[in-house]
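Trainee: As input, take protein-v7.cif (mmCIF, C-alpha atoms):
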```cif
data_query
#
loop_
_atom_site.label_atom_id
_atom_site.label_comp_id
_atom_site.auth_asym_id
_atom_site.auth_seq_id
_atom_site.Cartn_x
_atom_site.Cartn_y
_atom_site.Cartn_z
CA MET A 44 0.00 0.00 0.00
CA GLN A 45 1.58 3.25 -1.14
CA PRO A 46 1.64 6.19 1.31
CA ARG A 47 -1.10 8.19 -0.40
CA VAL A 48 -4.30 10.02 0.55
CA ASP A 49 -6.54 10.91 -2.40
CA PHE A 50 -9.76 11.94 -0.69
CA ILE A 51 -10.48 13.44 2.71
CA SER A 52 -14.15 13.04 3.57
CA LEU A 53 -15.60 14.98 6.47
CA GLY A 54 -18.85 13.55 7.84
CA VAL A 55 -21.01 16.63 8.29
CA ARG A 56 -24.32 17.14 10.09
CA SER A 57 -25.64 19.41 7.36
CA VAL A 58 -24.23 19.38 3.84
CA GLU A 59 -25.91 22.74 3.20
CA ALA A 60 -24.33 24.39 6.26
CA SER A 61 -20.93 22.95 5.42
CA ARG A 62 -21.24 24.07 1.80
CA ALA A 63 -22.21 27.57 2.95
CA PHE A 64 -18.96 27.76 4.91
CA TYR A 65 -16.46 26.24 2.47
CA VAL A 66 -17.95 27.24 -0.88
CA ASP A 67 -19.94 30.42 -0.25
CA GLY A 68 -17.80 31.64 2.64
CA LEU A 69 -14.25 30.67 1.70
CA GLY A 70 -14.88 30.58 -2.04
CA TRP A 71 -13.53 27.10 -2.61
CA PRO A 72 -14.34 25.46 -5.97
CA VAL A 73 -16.93 22.70 -6.28
CA HIS A 74 -15.71 19.84 -8.42
CA ARG A 75 -19.01 17.96 -8.37
CA GLU A 76 -21.94 17.64 -5.98
CA VAL A 77 -25.14 15.79 -5.18
CA PRO A 78 -27.28 18.36 -3.35
CA GLY A 79 -27.97 17.42 0.25
CA GLU A 80 -25.69 14.37 0.07
CA VAL A 81 -22.14 15.33 -0.83
CA VAL A 82 -19.98 18.18 -2.16
CA PHE A 83 -16.56 17.45 -3.68
CA ILE A 84 -14.08 20.31 -3.49
CA GLN A 85 -10.98 20.27 -5.66
CA ALA A 86 -8.12 20.93 -3.25
CA ASN A 87 -4.39 20.51 -3.87
CA HIS A 88 -3.51 18.72 -7.10
CA GLY A 89 -4.83 15.20 -6.78
CA LEU A 90 -6.57 15.79 -3.46
CA ILE A 91 -10.32 16.08 -3.03
CA LEU A 92 -12.01 17.39 0.12
CA SER A 93 -15.45 15.83 0.40
CA LEU A 94 -18.27 17.19 2.57
CA TRP A 95 -20.42 14.14 3.06
CA ASP A 96 -23.65 13.55 4.95
CA ALA A 97 -22.54 11.96 8.22
CA GLY A 98 -25.33 9.39 8.23
CA GLN A 99 -24.40 8.14 4.77
CA MET A 100 -20.74 8.00 5.73
CA GLN A 101 -21.40 6.07 8.90
CA ALA A 102 -23.50 3.56 6.99
CA GLU A 103 -20.88 3.03 4.26
CA ALA A 104 -17.78 3.06 6.45
CA GLY A 105 -19.10 0.58 8.99
CA VAL A 106 -19.58 2.79 12.03
CA ASP A 107 -21.88 1.10 14.52
CA ALA A 108 -22.78 4.08 16.66
CA PRO A 109 -22.34 7.72 15.70
CA GLY A 110 -19.69 9.37 17.82
CA THR A 111 -17.72 6.21 18.50
CA VAL A 112 -15.19 6.95 15.77
CA PRO A 113 -14.32 10.23 14.06
CA CYS A 114 -16.66 11.14 11.20
CA ILE A 115 -13.85 11.29 8.72
CA THR A 116 -12.39 8.90 6.18
CA LEU A 117 -9.10 8.98 4.33
CA SER A 118 -9.33 7.45 0.87
CA HIS A 119 -6.68 5.60 -1.05
CA ASN A 120 -7.51 5.12 -4.73
CA VAL A 121 -6.14 2.30 -6.83
CA GLY A 122 -6.35 1.24 -10.45
CA GLY A 123 -8.54 -1.86 -10.33
CA THR A 124 -10.72 -4.16 -8.25
CA ASP A 125 -7.86 -6.62 -7.73
CA ASP A 126 -5.81 -3.78 -6.26
CA VAL A 127 -8.59 -3.05 -3.75
CA ASP A 128 -8.53 -6.66 -2.56
CA ARG A 129 -4.72 -6.69 -2.42
CA VAL A 130 -4.40 -3.44 -0.45
CA LEU A 131 -7.06 -4.51 2.05
CA ALA A 132 -5.17 -7.77 2.57
CA GLU A 133 -1.93 -5.83 3.10
CA ALA A 134 -3.64 -3.61 5.67
CA ALA A 135 -5.11 -6.62 7.48
CA ALA A 136 -1.70 -8.28 7.54
CA ALA A 137 -0.28 -5.12 9.11
CA GLY A 138 -2.88 -5.27 11.88
CA ALA A 139 -5.88 -3.36 10.51
CA THR A 140 -9.48 -4.39 11.14
CA ILE A 141 -11.55 -4.77 7.98
CA THR A 142 -14.72 -2.80 8.72
CA GLY A 143 -16.26 -3.12 5.27
CA GLU A 144 -15.58 -6.01 2.93
CA PRO A 145 -15.15 -4.73 -0.63
CA VAL A 146 -18.38 -4.35 -2.55
CA THR A 147 -19.53 -2.73 -5.78
CA GLN A 148 -21.11 0.57 -4.82
CA PRO A 149 -24.29 2.00 -6.39
CA TRP A 150 -22.14 4.67 -8.07
CA GLY A 151 -20.12 2.03 -9.92
CA GLY A 152 -16.99 1.86 -7.85
CA TYR A 153 -15.57 -1.02 -5.84
CA THR A 154 -14.56 -0.09 -2.32
CA GLY A 155 -13.70 -1.57 1.04
CA TYR A 156 -12.83 -0.09 4.41
CA PHE A 157 -10.35 -0.79 7.13
CA ALA A 158 -9.77 0.73 10.57
CA ASP A 159 -6.31 1.62 11.83
CA PRO A 160 -5.33 1.00 15.48
CA ASP A 161 -7.33 4.05 16.63
CA GLY A 162 -10.37 3.31 14.50
CA PHE A 163 -9.62 5.91 11.81
CA ARG A 164 -11.34 4.71 8.66
CA TRP A 165 -9.47 4.27 5.37
CA GLU A 166 -11.44 3.66 2.21
CA VAL A 167 -9.64 1.67 -0.47
CA ALA A 168 -11.36 2.49 -3.73
CA TYR A 169 -11.39 1.68 -7.39
CA ASN A 170 -13.37 4.26 -9.35
CA PRO A 171 -13.74 3.35 -13.03
CA THR A 172 -14.09 7.04 -13.94
CA TRP A 173 -10.72 7.92 -12.35
CA ALA A 174 -7.28 7.15 -13.70
CA VAL A 175 -4.53 6.08 -11.30
CA ALA A 176 -1.02 6.06 -12.81
CA ASP A 177 1.69 3.59 -11.80
CA ASP A 178 3.28 6.26 -9.60
CA GLY A 179 -0.02 6.75 -7.79
CA ALA A 180 -0.96 10.06 -9.39
CA VAL A 181 -4.75 10.36 -9.61
CA THR A 182 -6.52 12.12 -12.48
CA VAL A 183 -10.20 12.93 -11.99
CA MET B 288 -7.84 31.06 1.97
CA GLN B 289 -6.71 28.74 -0.81
CA PRO B 290 -8.31 25.27 -1.01
CA ARG B 291 -5.29 23.38 0.30
CA VAL B 292 -4.53 20.71 2.90
CA ASP B 293 -0.84 20.33 3.72
CA PHE B 294 -0.92 18.15 6.84
CA ILE B 295 -3.37 15.55 8.07
CA SER B 296 -2.81 14.88 11.76
CA LEU B 297 -4.44 11.88 13.37
CA GLY B 298 -4.72 12.10 17.15
CA VAL B 299 -3.66 8.64 18.29
CA ARG B 300 -3.90 6.92 21.66
CA SER B 301 -0.45 5.36 21.29
CA VAL B 302 2.15 6.78 18.94
CA GLU B 303 4.08 3.50 19.22
CA ALA B 304 1.07 1.37 18.24
CA SER B 305 0.21 3.68 15.37
CA ARG B 306 3.83 3.69 14.18
CA ALA B 307 3.90 -0.11 14.32
CA PHE B 308 0.92 -0.20 11.96
CA TYR B 309 1.85 2.49 9.42
CA VAL B 310 5.64 2.28 9.40
CA ASP B 311 6.50 -1.27 10.41
CA GLY B 312 3.33 -2.85 9.00
CA LEU B 313 2.63 -0.91 5.82
CA GLY B 314 6.21 0.18 5.26
CA TRP B 315 5.47 3.88 4.95
CA PRO B 316 8.46 6.26 5.13
CA VAL B 317 9.16 8.37 8.22
CA HIS B 318 10.01 11.94 7.34
CA ARG B 319 10.83 12.97 10.89
CA GLU B 320 9.74 11.91 14.38
CA VAL B 321 9.85 12.69 18.07
CA PRO B 322 9.57 9.29 19.77
CA GLY B 323 6.39 8.90 21.78
CA GLU B 324 5.06 12.27 20.62
CA VAL B 325 4.70 12.44 16.86
CA VAL B 326 5.66 10.65 13.63
CA PHE B 327 5.55 12.52 10.31
CA ILE B 328 5.04 10.33 7.26
CA GLN B 329 5.78 11.70 3.81
CA ALA B 330 2.65 10.94 1.78
CA ASN B 331 1.70 12.33 -1.64
CA HIS B 332 3.89 15.16 -2.87
CA GLY B 333 3.38 18.05 -0.50
CA LEU B 334 1.17 16.12 1.90
CA ILE B 335 2.28 14.91 5.33
CA LEU B 336 0.38 12.37 7.43
CA SER B 337 1.12 12.99 11.08
CA LEU B 338 0.54 10.46 13.87
CA TRP B 339 0.29 12.70 16.90
CA ASP B 340 -0.29 11.97 20.57
CA ALA B 341 -4.00 12.67 21.09
CA GLY B 342 -3.47 14.47 24.38
CA GLN B 343 -0.97 16.87 22.86
CA MET B 344 -3.26 17.49 19.90
CA GLN B 345 -6.28 18.18 22.09
CA ALA B 346 -4.28 20.65 24.17
CA GLU B 347 -2.96 22.53 21.14
CA ALA B 348 -6.12 22.50 19.02
CA GLY B 349 -8.42 23.73 21.76
CA VAL B 350 -10.50 20.66 22.47
CA ASP B 351 -12.20 20.96 25.84
CA ALA B 352 -13.15 17.34 26.39
CA PRO B 353 -11.68 14.35 24.56
CA GLY B 354 -14.26 12.72 22.33
CA THR B 355 -16.30 15.85 21.74
CA VAL B 356 -14.67 16.54 18.40
CA PRO B 357 -12.76 14.20 16.07
CA CYS B 358 -9.11 13.77 16.99
CA ILE B 359 -7.93 14.98 13.64
CA THR B 360 -6.72 18.29 12.28
CA LEU B 361 -6.29 19.49 8.71
CA SER B 362 -3.44 21.92 8.32
CA HIS B 363 -3.12 24.79 5.91
CA ASN B 364 0.39 26.19 5.68
CA VAL B 365 1.16 29.75 4.66
CA GLY B 366 4.27 31.82 4.04
CA GLY B 367 4.34 34.20 6.99
CA THR B 368 2.82 35.22 10.31
CA ASP B 369 0.73 37.95 8.65
CA ASP B 370 -0.78 35.28 6.41
CA VAL B 371 -1.81 33.25 9.46
CA ASP B 372 -3.67 36.24 10.89
CA ARG B 373 -5.26 37.03 7.51
CA VAL B 374 -6.46 33.47 6.84
CA LEU B 375 -7.93 33.13 10.33
CA ALA B 376 -9.80 36.40 9.79
CA GLU B 377 -11.12 35.11 6.45
CA ALA B 378 -12.30 31.90 8.11
CA ALA B 379 -13.99 33.81 10.91
CA ALA B 380 -15.71 36.06 8.36
CA ALA B 381 -16.99 32.93 6.63
CA GLY B 382 -18.51 31.68 9.87
CA ALA B 383 -15.72 29.69 11.56
CA THR B 384 -15.14 29.69 15.30
CA ILE B 385 -11.59 30.60 16.29
CA THR B 386 -10.61 27.86 18.77
CA GLY B 387 -6.99 28.89 19.17
CA GLU B 388 -5.76 32.45 18.72
CA PRO B 389 -2.47 32.45 16.83
CA VAL B 390 0.58 32.03 19.02
CA THR B 391 4.26 31.30 18.56
CA GLN B 392 4.70 27.60 19.28
CA PRO B 393 7.64 26.11 21.21
CA TRP B 394 8.92 24.61 17.93
CA GLY B 395 9.25 28.05 16.36
CA GLY B 396 6.14 28.21 14.23
CA TYR B 397 3.18 30.56 14.46
CA THR B 398 -0.17 28.81 14.36
CA GLY B 399 -3.83 29.32 15.08
CA TYR B 400 -6.88 27.07 14.90
CA PHE B 401 -10.43 27.41 13.72
CA ALA B 402 -13.42 25.05 13.81
CA ASP B 403 -15.69 24.57 10.82
CA PRO B 404 -19.48 24.24 11.26
CA ASP B 405 -19.09 20.61 12.49
CA GLY B 406 -16.16 21.33 14.78
CA PHE B 407 -13.47 19.91 12.48
CA ARG B 408 -10.25 21.64 13.39
CA TRP B 409 -8.11 23.45 10.83
CA GLU B 410 -4.64 24.58 11.81
CA VAL B 411 -3.34 27.63 9.96
CA ALA B 412 0.42 27.52 10.25
CA TYR B 413 3.54 29.40 9.40
CA ASN B 414 6.61 27.21 9.77
CA PRO B 415 9.86 29.12 9.23
CA THR B 416 11.61 25.91 8.16
CA TRP B 417 9.07 25.29 5.35
CA ALA B 418 8.80 27.15 2.08
CA VAL B 419 5.37 27.97 0.65
CA ALA B 420 5.38 29.19 -2.96
CA ASP B 421 2.91 31.73 -4.33
CA ASP B 422 0.89 28.90 -5.89
CA GLY B 423 0.63 27.20 -2.49
CA ALA B 424 3.13 24.43 -3.16
CA VAL B 425 4.86 23.42 0.08
CA THR B 426 8.48 22.34 0.23
CA VAL B 427 9.63 20.65 3.44
#
```
What does this structure look like when you write it as structure tokens?
Mentor:
Amino acid sequence: MQPRVDFISLGVRSVEASRAFYVDGLGWPVHREVPGEVVFIQANHGLILSLWDAGQMQAEAGVDAPGTVPCITLSHNVGGTDDVDRVLAEAAAAGATITGEPVTQPWGGYTGYFADPDGFRWEVAYNPTWAVADDGAVTV
Amino acid sequence: MQPRVDFISLGVRSVEASRAFYVDGLGWPVHREVPGEVVFIQANHGLILSLWDAGQMQAEAGVDAPGTVPCITLSHNVGGTDDVDRVLAEAAAAGATITGEPVTQPWGGYTGYFADPDGFRWEVAYNPTWAVADDGAVTV
């Protein structure tokens, strides 16, 4: 597993309130959005800051009770479904807990989740609409 | 305030346990470390993943009670102390709560903290040993 973070997703109580702060207030650019569900902000080259409905995040990332782990995920994107399986196995071998076995998501991707020793969630994701180069550079 | 994240700091219960997972287990490279306090991992170009003692983080980032906000900070580095003051003022004007007025830190930097609408902490930092170009690129 390469040392890369491609997405930072903040689980927010209100996507509208969070959007009002980051987009309307700070003037940050929206890359794509689904109103009321998620706003993707294009941050540094290759890094996306995602403002994501906390309930949806908790359901997808395998959080049993809100508040028990931070409402944030760090995403690591790879180039294919086999890579998702491989990286999750590497993380498990290093001591991670698999909190979400890889599945095909409604949006077409293939993702799984693991928790590090403190419970911080990492998403390992293959997104067929993204390109991941051999050196790990991600092109949206 | 530019849409940039330069540091991701995870507040961890045990720096040793977290290091054993990320460095020994996953093989990620240590950029610099203070044993038992913090480990800096060089991630994507320009991005540092920091494994930081949760107690130290909570003290510095203005968390009153552990568990009330996620033990994670997103850092935004700028080129001078005036820039720290300016960016914090921009964030406040956009609706942020200033949780830590800017101060000179023991390590020589000048940093302040704000909370977004959900309480996620952003550190705005000037580090005299880092270079920040006009386009926001950070060189460690």
Trainee: I need the chain A residues near chain B as a tab-separated table (two decimals) with C-alpha atoms, in the frame of the given file; criterion: at most 10 Å, counting all atoms listed in the file.
Mentor:
```tsv
chain	number	residue	atom	x	y	z
A	44	MET	CA	0.00	0.00	0.00
A	45	GLN	CA	1.58	3.25	-1.14
A	46	PRO	CA	1.64	6.19	1.31
A	47	ARG	CA	-1.10	8.19	-0.40
A	48	VAL	CA	-4.30	10.02	0.55
A	49	ASP	CA	-6.54	10.91	-2.40
A	51	ILE	CA	-10.48	13.44	2.71
A	53	LEU	CA	-15.60	14.98	6.47
A	54	GLY	CA	-18.85	13.55	7.84
A	55	VAL	CA	-21.01	16.63	8.29
A	56	ARG	CA	-24.32	17.14	10.09
A	57	SER	CA	-25.64	19.41	7.36
A	60	ALA	CA	-24.33	24.39	6.26
A	61	SER	CA	-20.93	22.95	5.42
A	62	ARG	CA	-21.24	24.07	1.80
A	63	ALA	CA	-22.21	27.57	2.95
A	64	PHE	CA	-18.96	27.76	4.91
A	65	TYR	CA	-16.46	26.24	2.47
A	66	VAL	CA	-17.95	27.24	-0.88
A	67	ASP	CA	-19.94	30.42	-0.25
A	68	GLY	CA	-17.80	31.64	2.64
A	69	LEU	CA	-14.25	30.67	1.70
A	70	GLY	CA	-14.88	30.58	-2.04
A	71	TRP	CA	-13.53	27.10	-2.61
A	72	PRO	CA	-14.34	25.46	-5.97
A	84	ILE	CA	-14.08	20.31	-3.49
A	85	GLN	CA	-10.98	20.27	-5.66
A	86	ALA	CA	-8.12	20.93	-3.25
A	87	ASN	CA	-4.39	20.51	-3.87
A	88	HIS	CA	-3.51	18.72	-7.10
A	89	GLY	CA	-4.83	15.20	-6.78
A	90	LEU	CA	-6.57	15.79	-3.46
A	91	ILE	CA	-10.32	16.08	-3.03
A	92	LEU	CA	-12.01	17.39	0.12
A	110	GLY	CA	-19.69	9.37	17.82
A	111	THR	CA	-17.72	6.21	18.50
A	112	VAL	CA	-15.19	6.95	15.77
A	113	PRO	CA	-14.32	10.23	14.06
A	114	CYS	CA	-16.66	11.14	11.20
A	115	ILE	CA	-13.85	11.29	8.72
A	117	LEU	CA	-9.10	8.98	4.33
A	130	VAL	CA	-4.40	-3.44	-0.45
A	133	GLU	CA	-1.93	-5.83	3.10
A	134	ALA	CA	-3.64	-3.61	5.67
A	135	ALA	CA	-5.11	-6.62	7.48
A	136	ALA	CA	-1.70	-8.28	7.54
A	137	ALA	CA	-0.28	-5.12	9.11
A	138	GLY	CA	-2.88	-5.27	11.88
A	139	ALA	CA	-5.88	-3.36	10.51
A	159	ASP	CA	-6.31	1.62	11.83
A	160	PRO	CA	-5.33	1.00	15.48
A	161	ASP	CA	-7.33	4.05	16.63
A	162	GLY	CA	-10.37	3.31	14.50
A	163	PHE	CA	-9.62	5.91	11.81
A	179	GLY	CA	-0.02	6.75	-7.79
A	180	ALA	CA	-0.96	10.06	-9.39
```
Trainee: Quick one, how far is CA of Ala341 (chain B) from CA of Glu303 (chain B)?
Mentor: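 Going from CA of Ala341 (chain B) over to CA of Glu303 (chain B), I get 12.4 Å.
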Trainee: Could you jot down the CA of Ala158 (chain A) to CA of Asp340 (chain B) separation for me, Å, one decimal place?
Mentor: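 Interatomic distance, CA of Ala158 (chain A) to CA of Asp340 (chain B): 17.8 Å.
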Trainee: What separation in Å, quoted to one decimal, exists between CA of Val58 (chain A) and CA of Glu166 (chain A)?
Mentor: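 Spanning CA of Val58 (chain A) to CA of Glu166 (chain A) is a straight-line distance of 20.3 Å.
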Trainee: What would the selection look like, as a PDB file with C-alpha atoms, in the frame of the given file, if the PyMOL selection byres ((chain B and resi 414) around 12) were run on the coordinates I just shared?
Mentor:
```
ATOM      1  CA  ASP B 293      -0.840  20.330   3.720  1.00  0.00           C
ATOM      2  CA  SER B 362      -3.440  21.920   8.320  1.00  0.00           C
ATOM      3  CA  HIS B 363      -3.120  24.790   5.910  1.00  0.00           C
ATOM      4  CA  ASN B 364       0.390  26.190   5.680  1.00  0.00           C
ATOM      5  CA  VAL B 365       1.160  29.750   4.660  1.00  0.00           C
ATOM      6  CA  GLY B 366       4.270  31.820   4.040  1.00  0.00           C
ATOM      7  CA  GLY B 367       4.340  34.200   6.990  1.00  0.00           C
ATOM      8  CA  THR B 368       2.820  35.220  10.310  1.00  0.00           C
ATOM      9  CA  ASP B 370      -0.780  35.280   6.410  1.00  0.00           C
ATOM     10  CA  VAL B 371      -1.810  33.250   9.460  1.00  0.00           C
ATOM     11  CA  THR B 391       4.260  31.300  18.560  1.00  0.00           C
ATOM     12  CA  GLN B 392       4.700  27.600  19.280  1.00  0.00           C
ATOM     13  CA  PRO B 393       7.640  26.110  21.210  1.00  0.00           C
ATOM     14  CA  TRP B 394       8.920  24.610  17.930  1.00  0.00           C
ATOM     15  CA  GLY B 395       9.250  28.050  16.360  1.00  0.00           C
ATOM     16  CA  GLY B 396       6.140  28.210  14.230  1.00  0.00           C
ATOM     17  CA  TYR B 397       3.180  30.560  14.460  1.00  0.00           C
ATOM     18  CA  THR B 398      -0.170  28.810  14.360  1.00  0.00           C
ATOM     19  CA  GLY B 399      -3.830  29.320  15.080  1.00  0.00           C
ATOM     20  CA  GLU B 410      -4.640  24.580  11.810  1.00  0.00           C
ATOM     21  CA  VAL B 411      -3.340  27.630   9.960  1.00  0.00           C
ATOM     22  CA  ALA B 412       0.420  27.520  10.250  1.00  0.00           C
ATOM     23  CA  TYR B 413       3.540  29.400   9.400  1.00  0.00           C
ATOM     24  CA  PRO B 415       9.860  29.120   9.230  1.00  0.00           C
ATOM     25  CA  THR B 416      11.610  25.910   8.160  1.00  0.00           C
ATOM     26  CA  TRP B 417       9.070  25.290   5.350  1.00  0.00           C
ATOM     27  CA  ALA B 418       8.800  27.150   2.080  1.00  0.00           C
ATOM     28  CA  VAL B 419       5.370  27.970   0.650  1.00  0.00           C
ATOM     29  CA  VAL B 425       4.860  23.420   0.080  1.00  0.00           C
ATOM     30  CA  THR B 426       8.480  22.340   0.230  1.00  0.00           C
ATOM     31  CA  VAL B 427       9.630  20.650   3.440  1.00  0.00           C
TER      32      VAL B 427
END
```
